[in-house]
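Chemist: Right, I'll just put the structure down here and ask away after.
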Amino acid sequence: MRGFQGKTLGTPIGRYRLLQKNSPSSLLLDFGRAGGFVRGFLFNRRFIHLATQYKVGIVGATGAVGHELIRLFTDRRFPLSSLRLFASARSTGREIQVGGFTGTVEEAKPEVFDDLDVAVFSAGAGISRALAGEAVRRGCVVIDNSSAFRMDNAVPLVIPEINGEALASHKGIVANPNCSTAITLMGLCPLHREFGLRRFYAATYQAVSGTGAAAIRELEAQVKAHVEGGASECSVYPHPIAFNLLPHVDSFLDDGYTKEEMKMLNESRKILGLPDLRVSTTCVRVPVIRAHSLAVFAEFDRPVDVERARAAIGKFPGVEVVDEPANNRYPMPLDYAGKEKCGVGRIRRDAASENGLAIWIVGDQLWKGAALNAVQIAEELAASGHLRVPAGV
Ligand SMILES: NC(=O)c1ccc[n+]([C@@H]2O[C@H](COP(=O)([O-])OP(=O)(O)OC[C@H]3O[C@@H](n4cnc5c(N)ncnc54)[C@H](OP(=O)(O)O)[C@@H]3O)[C@@H](O)[C@H]2O)c1
């Protein structure tokens, strides 16, 4: 797409003047109609006239994900008529600046949703349970980043590149998947479509920003204390995270797995539409600021081929192959912080399984695992005319 800016393309349905590529599925352009051009977005080959603008709210705007939501809604030129920021009463009146946007935080209360078209919730499952239903009753579509509604049969759980068609059936709430699951499936879905996924094992290497803004501060403080010879203080995690690994993400269940590990199983089944998929994961918190990594061992129904696997991943939107072991090239978290695409490398036959592949996946969990996926959902809903609470809900 390089060098396309300003070019005019003639198509059977009209003329387009291309202005900017926002993402693999989103272009800003002028569409030629009789009497001139109108400006809008082309999302997945659908045109949204910019005259349709939306009143958007972010619940949890002071948090790690909230910050990225502000950045992405403004940078990707989502058709905003207003962007309002909400958090707890503690943050009321706080001014937040992200890029060229400045806004003042308001307390998240039921009545604020009366005047919003869509709200992205990023304030934890308790707040989502307390306020999402209220928002929908007041005519506001909710895109929820928490785990509150993900496994609710009436709520679509969506990664637009994988199951965007599920958005059409929403009843006011759309759930955003768990961050590790979203990044894993971006690498696995193209392989599933090529070879038929039967089961996978994964070990995660999860960045501290996955726990939120306080965990970033804890890692930074512990590194500083270590360098200066002071004592490490732990408040977010039960043990020091600096220079350490914690095989413990979210709380433990009776069977020995953690809730985070079970999200990988349950959410993968729902998103891929594979109720019998078998998944076993060990989730590990690592002293990385941003971007999750995963070692995945996947077994398929049909015989696998490494070159076909590379080709399938390479042409899947939102993912890229970085796999040149001879040149020490593989995806790493430092390269994927603030990047839209997830990276897949170390693609090889699994030596322990018949139709198996071993892969390494990295992605920015604050983006594809949370804020970017949520904004893409809002874009898709707007493009398909579904950014409204359906009648009768
Ligand atoms: N971090 C990630 O990578 C990631 C990925 C996927 C999903 N998520 C999910 O996204 C959500 C937010 O995560 P985060 O990492 O951004 O956490 P965070 O940095 O700790 O931010 C939490 C946000 O929630 C707000 N909040 C807390 N109590 C509230 C209340 N009573 N009413 C309204 N707002 C309240 C906080 O506002 P105050 O500043 O006023 O306390 C803050 O804005 C969680 O549900 C998390 O599971 C996070």
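Each chain in the structure tokens gets a letter, A, B, ..., in the order shown, and its residues are numbered from 1; ligands are numbered from 1 in order too.
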Would you give me, as a tab-separated table, each residue of chain A having an atom within 7 Å of an atom of ligand 1, along with its shortest atom pair and that distance in Å to one decimal, using only C-alpha atoms and all ligand atoms and sorting by chain and residue number?

Modeler:
residue	atom	partner	partner_atom_place_in_ligand_line	distance
A:Val59	CA	ligand 1	34 (N)	6.0
A:Gly60	CA	ligand 1	43 (O)	3.2
A:Ala61	CA	ligand 1	43 (O)	4.6
A:Thr62	CA	ligand 1	43 (O)	3.7
A:Gly63	CA	ligand 1	21 (O)	3.2
A:Ala64	CA	ligand 1	16 (O)	3.8
A:Val65	CA	ligand 1	16 (O)	3.8
A:Gly66	CA	ligand 1	16 (O)	5.6
A:Phe86	CA	ligand 1	33 (C)	6.6
A:Ala87	CA	ligand 1	34 (N)	3.6
A:Ser88	CA	ligand 1	33 (C)	3.6
A:Ala89	CA	ligand 1	40 (O)	6.1
A:Arg90	CA	ligand 1	40 (O)	5.0
A:Ser91	CA	ligand 1	40 (O)	4.4
A:Glu107	CA	ligand 1	33 (C)	6.6
A:Ala108	CA	ligand 1	33 (C)	5.2
A:Ser122	CA	ligand 1	11 (C)	3.8
A:Ala123	CA	ligand 1	24 (O)	3.3
A:Gly124	CA	ligand 1	45 (O)	3.1
A:Ala125	CA	ligand 1	45 (O)	5.4
A:Ile127	CA	ligand 1	32 (N)	6.0
A:Asn145	CA	ligand 1	10 (O)	4.9
A:Ser146	CA	ligand 1	45 (O)	3.7
A:Ser147	CA	ligand 1	47 (O)	6.6
A:Asn178	CA	ligand 1	6 (C)	5.4
A:Cys179	CA	ligand 1	6 (C)	4.5
A:Ser209	CA	ligand 1	1 (N)	5.2
A:Gly210	CA	ligand 1	3 (O)	3.3
A:Thr211	CA	ligand 1	15 (O)	5.1
A:Gly212	CA	ligand 1	15 (O)	3.1
A:Ala213	CA	ligand 1	19 (O)	3.8
A:Ala214	CA	ligand 1	20 (O)	6.2
A:Gln365	CA	ligand 1	3 (O)	4.8
A:Leu366	CA	ligand 1	3 (O)	4.3
A:Gly369	CA	ligand 1	5 (C)	5.3
A:Ala370	CA	ligand 1	6 (C)	4.4

Chemist: Find the residues near Val142 of chain A: any atom within 6 Å, counting only C-alpha atoms, skip ones fewer than 6 places away on the same chain, and give them as a VMD selection string.

Modeler: chain A and resid 118 to 120 173

Chemist: Next, dump the selected residues to file, keeping only C-alpha atoms, as a PDB file, in the first residue's frame.

Modeler:
ATOM      1  CA  VAL A 118     -20.960   2.911  22.985  1.00  0.00           C
ATOM      2  CA  ALA A 119     -18.801   2.389  26.080  1.00  0.00           C
ATOM      3  CA  VAL A 120     -15.697   0.247  26.403  1.00  0.00           C
ATOM      4  CA  ILE A 173     -22.856  -6.445  25.098  1.00  0.00           C
TER       5      ILE A 173
END

Chemist: Fewer than 2 positions away in the same chain doesn't count, so skip those; otherwise give me all residues within 8 Å of Tyr330 of chain A, counting only C-alpha atoms, as a PyMOL selection string.

Modeler: chain A and resi 322-325+328+332+344-346

Chemist: Give me the residues within 10 Å of Asp350 of chain A as a PyMOL selection string, counting only C-alpha atoms and dropping any in the same chain fewer than 4 places off.

Modeler: chain A and resi 296-299+304+354-359

Chemist: Any idea what's packed within 9 Å of segment 240-244 of chain A, counting only C-alpha atoms, ignoring anything in its chain fewer than 3 positions away? Could you give it as a VMD selection string?

Modeler: chain A and resid 208 218 to 223 226 232 to 234 237 285 to 288

Chemist: Report, in Å with one decimal, the straight-line distance from atom CA of Glu267 of chain A to atom CA of Ala135 of chain A.

Modeler: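 Those two atoms sit 24.3 Å apart.
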
Chemist: For Lys368 of chain A, which of A:Gly32, A:Gly385, A:Gly230, A:Gly187 is the closest residue, counting only C-alpha atoms?

Modeler: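 Ranked by minimum distance to Lys368 of chain A, first place goes to A:Gly187.
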